[in-house]
Amino acid sequence: MTTAAQTAPQAAPQAPAPVPGRPRRAWSPGQIVLTALGAAVSAVFLSPLAWALFTSLKSETEAVEVPPHWLPEDWTGQAWSAVFETGDITDWFVNSLVVSVCVTAVVLLVAALAGYGFARTEFRGKGVLMGVVMAGLMVSPAVLGVPLFTTVQQMGMVDTYWGMILPQCAPAAMVYILYKFFQGVPRELEEAAFIDGAGRWRVFFTIVVPLSRPALAAVGIFTFITSWNNFLWPYMVTNNPDLMTMPNGIATVMNSYGIQWAQLMAGGLMAGLPLIVVFVFFQRQIVAGVAHTGLAGQ
């Protein structure tokens with residue numbers, strides 16, 4: 001005789017109840033205002049690049065029309081091809097790359113050693129010397145153009161790579177950035193290394209430098225961008241067309257009728273492209289370097 005439990009059909013297992021998705025919260029008025037403000041600021045900063053791009057795709061006649069208009073009526077790449085045909089773009093690019101890379105390497109070495117020396121060593125006249133370094137922040141590079149050129153001329157470095165590189169290798173701002181960062185490095189790490197028998201140089205290169213990668217990356221990127229964009233000093237110290245950098249070479253894009261605006265815009269975009277690439281790929285290092293140096297809150 002079967003029981004009711006045996007004859008009753010077994011209930012199918014119930015599927016787990018679906019978990020409703022978390023509803024997206026509506027934007028607050030503050031978020032909407034900040035987003036709109038950020039979009040407006042971005043548009044302001046991107047508008048010169050857009051204008052340069054559209055102008056480079058115009059003919060020279062259309063580029064100087066009055067009143068001007070944003071979009072070209074006849075799209076053409078004549079300005080881009082003319083820049084490559086008439087200008088030594090490859091030589092300008094190589095010269096700028098050599099100068100910028102050398103300046104960046106020397107600045108990283110000098111600024112790191114100077115910043116670490118100020119942050120970790122005590123010597124007579126340290127305050128006065130630090131004041132002299134900080135005074136360099138208040139002096140415009142244009143003011144130093146004539147004495148620097150006289151010095152470079154007396155040393156026989158006019159129309160040379162070294163004449164363009166060395167005067168750019170003592171930026172007070174980079175020394176100060178690394179000085180502030182090294183002050184935040186725990187002294188206990190260095191003292192433990194000293195107890196183990198490490199010397200000052202070994203501590204610097206094996207402990208301090210690896211911990212300083214964010215600050216060193218930021219200093220290197222800032223220095224590279226500044227050197228790449230430098231127009232005045234290479235223009236003063238070189239007369240040889242084979243040593244022109246990108247800013248100096250682009251300034252020569254003209255003919256008997258004056259400046260070729262479409263070609264000038266095309267050359268300017270080519271000169272700025274490496275900097276855009278550097279910023280896109282090293283944006284995190286820039287932000288981290290500024291945040292770790294303590295400059296963000298000053």
# chains A, B, ... in the order shown; residues from 1 in each chain; ligands from 1
>>> residues_around(residues="Ala173 (chain A)", least_positions_apart="5", cutoff="9 Å", atoms="only C-alpha atoms", output="list of chain:residue names")
A:Val133, A:Met134, A:Gly136, A:Leu137, A:Leu178
>>> select_by_dssp(residues="region 172-206 of chain A", states="helix (DSSP H, G or I)", output="list in words")
Ala172, Ala173, Met174, Val175, Tyr176, Ile177, Leu178, Tyr179, Lys180, Phe181, Phe182, Gln183, Arg187, Glu188, Leu189, Glu190, Glu191, Ala192, Ala193, Phe194, Ile195, Arg200, Trp201, Arg202, Val203, Phe204, Phe205 and Thr206 of chain A
>>> closest_residue(among="A:Ile259, A:Ala26, A:Val66, A:Val175", to="Ala215 (chain A)", atoms="only C-alpha atoms")
A:Val175
>>> atom_distance(atom1="CA of Leu269 (chain A)", atom2="CA of Pro241 (chain A)")
21.0 Å
>>> closest_atom_pairs(of="region 241-285 of chain A", to="region 216-223 of chain A", cutoff="12 Å", atoms="only C-alpha atoms", output="JSON lines")
{"residue": "A:Pro274", "atom": "CA", "partner": "A:Ile221", "partner_atom": "CA", "distance": 11.7}
{"residue": "A:Leu275", "atom": "CA", "partner": "A:Ile221", "partner_atom": "CA", "distance": 9.3}
{"residue": "A:Ile276", "atom": "CA", "partner": "A:Ile221", "partner_atom": "CA", "distance": 11.5}
{"residue": "A:Val277", "atom": "CA", "partner": "A:Ile221", "partner_atom": "CA", "distance": 11.4}
{"residue": "A:Val278", "atom": "CA", "partner": "A:Ile221", "partner_atom": "CA", "distance": 7.7}
{"residue": "A:Phe279", "atom": "CA", "partner": "A:Ile221", "partner_atom": "CA", "distance": 8.2}
{"residue": "A:Val280", "atom": "CA", "partner": "A:Ile221", "partner_atom": "CA", "distance": 11.5}
{"residue": "A:Phe281", "atom": "CA", "partner": "A:Ile221", "partner_atom": "CA", "distance": 10.8}
{"residue": "A:Phe282", "atom": "CA", "partner": "A:Ile221", "partner_atom": "CA", "distance": 8.0}
{"residue": "A:Gln283", "atom": "CA", "partner": "A:Ala218", "partner_atom": "CA", "distance": 9.1}
{"residue": "A:Arg284", "atom": "CA", "partner": "A:Ala218", "partner_atom": "CA", "distance": 9.3}
{"residue": "A:Gln285", "atom": "CA", "partner": "A:Ala218", "partner_atom": "CA", "distance": 6.0}
>>> closest_residue(among="A:Leu232, A:Val237, A:Val103, A:Val208", to="Phe149 (chain A)", atoms="only C-alpha atoms")
A:Val237
>>> closest_residue(among="A:Ala170, A:Met246, A:Val158, A:Ala112", to="Pro210 (chain A)", atoms="only C-alpha atoms")
A:Ala112
>>> closest_atom_pairs(of="region 249-285 of chain A", to="region 42-59 of chain A", cutoff="8 Å", atoms="only C-alpha atoms", output="Markdown table")
| residue | atom | partner | partner_atom | distance |
| --- | --- | --- | --- | --- |
| A:Trp261 | CA | A:Thr55 | CA | 7.6 |
| A:Ala262 | CA | A:Ser56 | CA | 4.4 |
| A:Gln263 | CA | A:Ser56 | CA | 6.3 |
| A:Leu264 | CA | A:Ser56 | CA | 7.7 |
| A:Met265 | CA | A:Ala52 | CA | 5.2 |
| A:Ala266 | CA | A:Ser56 | CA | 5.1 |
| A:Leu269 | CA | A:Ala52 | CA | 7.3 |
>>> closest_residue(among="A:Tyr235, A:Trp27, A:Tyr176, A:Trp70", to="Gly145 (chain A)", atoms="only C-alpha atoms")
A:Tyr235
>>> residues_around(residues="Phe182 (chain A)", least_positions_apart="4", cutoff="8 Å", atoms="only C-alpha atoms", output="number ranges by chain")
A: 115-116, 119-120, 178, 208, 212
>>> residues_around(residues="Gly117 (chain A)", least_positions_apart="4", cutoff="12 Å", atoms="only C-alpha atoms", output="ChimeraX atom specification")
/A:110-113,121-123,126,129-130,175-176,178-180,182-183,200-201,204,208
>>> closest_residue(among="A:Met164, A:Val209, A:Gly199, A:Ala63", to="Val185 (chain A)", atoms="only C-alpha atoms")
A:Val209
>>> atom_distance(atom1="CA of Pro68 (chain A)", atom2="CA of Gln260 (chain A)")
15.4 Å
